[in-house]
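Notes for the one structure printed next.
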Amino acid sequence: MKRCYLGTGFLAVLLILSLLVTRGMDTRTAPVANTLTAAANNAMAQNWDAAEKLTETAFSQWQESRPFTSAFADHSPLEDVEDDFAQLKIYLRAKDKTSFAGTAAQLAKKIEAVGEAHALHWQNIL
């Protein structure tokens with residue numbers, strides 16, 4: 001009977017940890033995506049100072065959350081995100097509003113997808 005309790009306890013601990021990881025991924029990716037969306041909107045309005053500050057904020061948020069996300073997420077989307085951040089900085093220096101806004105919006109969606117991949121949805125369970 002002790003083995004049954006031990007197994008049940010182990011499964012409960014795994015469930016709690018997985019729910020905490022799910023919550024942690026969402027709380028780390030959502031602010032980065034929102035900041036990038038705001039940067040894209042500022043770039044379209046030719047407000048380059050705000051776009052630059054928001055991009056730097058988003059990148060620093062991403063860097064802070066990178067150890068946690070890389071521990072639980074697939075690494076190829078994370079590498080794509082870092083590539084897009086590098087591209088975004090070039091568009092920012094060139095002040096190419098269309099390319100900057102498009103890349104920032106695309107990057108925000110990629111970061112949202114990383115968070116959603118770990119969310120508790122019936123699609124992820126099946």
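Lettering and numbering for the structure tokens are positional, with chains as A, B, ... in the shown order, residues counted from 1 in each chain, and ligands counted from 1 in the shown order.
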key: All residues 10 Å or closer to range 68-80 of chain A, only C-alpha atoms, same chain fewer than 2 positions away omitted, as a VMD selection string   = chain A and resid 21 to 22 24 to 25 28 to 29 62 to 66 82 to 86 107 110 to 111 113 to 115 117 to 118
Write out as a short mmCIF file (atom, residue, chain, number, x, y, z; two decimals) with N, CA and C atoms, in the first residue's frame each polymer residue whose atoms come within 7 Å of Leu88 in chain A, counting only C-alpha atoms; drop sequence neighbours fewer than 4 positions from it.
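The resulting file, around-v8.cif, is shown below:
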data_model
loop_
_atom_site.label_atom_id
_atom_site.label_comp_id
_atom_site.auth_asym_id
_atom_site.auth_seq_id
_atom_site.Cartn_x
_atom_site.Cartn_y
_atom_site.Cartn_z
N ASP A 84 15.48 36.93 -34.94
CA ASP A 84 14.59 38.05 -35.26
C ASP A 84 14.92 39.29 -34.44
N LEU A 92 15.92 48.84 -36.93
CA LEU A 92 15.79 50.01 -36.06
C LEU A 92 16.86 51.05 -36.40
N PHE A 100 10.68 46.99 -39.85
CA PHE A 100 10.74 46.92 -38.39
C PHE A 100 9.40 46.48 -37.82
N THR A 103 8.64 42.79 -38.71
CA THR A 103 9.47 41.85 -37.95
C THR A 103 9.08 41.84 -36.49
N ALA A 104 8.77 43.01 -35.93
CA ALA A 104 8.36 43.08 -34.52
C ALA A 104 7.03 42.34 -34.30
#
ask   = Distance CA of Asp96 in chain A-CA of Ala50 in chain A, one decimal place?
value =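 Separation of CA of Asp96 in chain A and CA of Ala50 in chain A: 14.7 Å.
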Counting only C-alpha atoms, which residues of range 92-113 of chain A sit at most 8 Å from some atom of range 39-45 of chain A, and what is each one's closest atom pair with its distance in Å to one decimal, listed by chain and rising residue number, as CSV?
residue,atom,partner,partner_atom,distance
A:Lys97,CA,A:Ala43,CA,5.4
A:Thr98,CA,A:Met44,CA,7.1
A:Phe100,CA,A:Ala40,CA,6.8
A:Ala101,CA,A:Ala40,CA,4.2
A:Gly102,CA,A:Ala40,CA,7.4
A:Ala104,CA,A:Ala40,CA,5.6
A:Ala105,CA,A:Ala40,CA,6.4
Can I get the selected residues back with all heavy atoms, as a compact mmCIF listing (two decimals), in the first residue's frame?
# COMPACT_ATOMS: atom_id res chain seq x y z
N LYS A 97 10.60 51.59 -41.27
CA LYS A 97 9.41 51.37 -40.45
C LYS A 97 8.62 50.13 -40.86
O LYS A 97 8.12 49.41 -40.02
CB LYS A 97 8.51 52.60 -40.44
CG LYS A 97 7.70 52.84 -41.68
CD LYS A 97 6.75 54.00 -41.47
CE LYS A 97 5.85 54.14 -42.68
NZ LYS A 97 4.84 55.15 -42.50
N THR A 98 8.52 49.87 -42.15
CA THR A 98 7.74 48.72 -42.59
C THR A 98 8.40 47.41 -42.18
O THR A 98 7.75 46.52 -41.63
CB THR A 98 7.55 48.76 -44.12
OG1 THR A 98 7.00 50.03 -44.48
CG2 THR A 98 6.63 47.66 -44.58
N PHE A 100 10.68 46.99 -39.85
CA PHE A 100 10.74 46.92 -38.39
C PHE A 100 9.40 46.48 -37.82
O PHE A 100 9.34 45.57 -36.99
CB PHE A 100 11.15 48.27 -37.79
CG PHE A 100 11.20 48.25 -36.30
CD1 PHE A 100 12.35 47.86 -35.65
CD2 PHE A 100 10.10 48.62 -35.55
CE1 PHE A 100 12.40 47.83 -34.26
CE2 PHE A 100 10.13 48.59 -34.17
CZ PHE A 100 11.28 48.20 -33.52
N ALA A 101 8.34 47.13 -38.25
CA ALA A 101 7.01 46.81 -37.72
C ALA A 101 6.61 45.38 -38.07
O ALA A 101 6.05 44.65 -37.23
CB ALA A 101 5.98 47.80 -38.24
N GLY A 102 6.91 44.96 -39.28
CA GLY A 102 6.57 43.59 -39.69
C GLY A 102 7.35 42.55 -38.90
O GLY A 102 6.79 41.55 -38.44
N ALA A 104 8.77 43.01 -35.93
CA ALA A 104 8.36 43.08 -34.52
C ALA A 104 7.03 42.34 -34.30
O ALA A 104 6.88 41.62 -33.31
CB ALA A 104 8.24 44.53 -34.07
N ALA A 105 6.09 42.51 -35.21
CA ALA A 105 4.81 41.81 -35.09
C ALA A 105 5.00 40.30 -35.23
O ALA A 105 4.40 39.51 -34.49
CB ALA A 105 3.82 42.33 -36.14
key: Atom-to-atom span, CA of Glu112 in chain A and CA of Thr35 in chain A, Å   =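 Taking CA of Glu112 in chain A and CA of Thr35 in chain A, their separation equals 11.7 Å.
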task = Work out how far apart CA of Lys89 in chain A and CA of Thr55 in chain A are and give it in Å to one decimal.
result = 8.1 Å
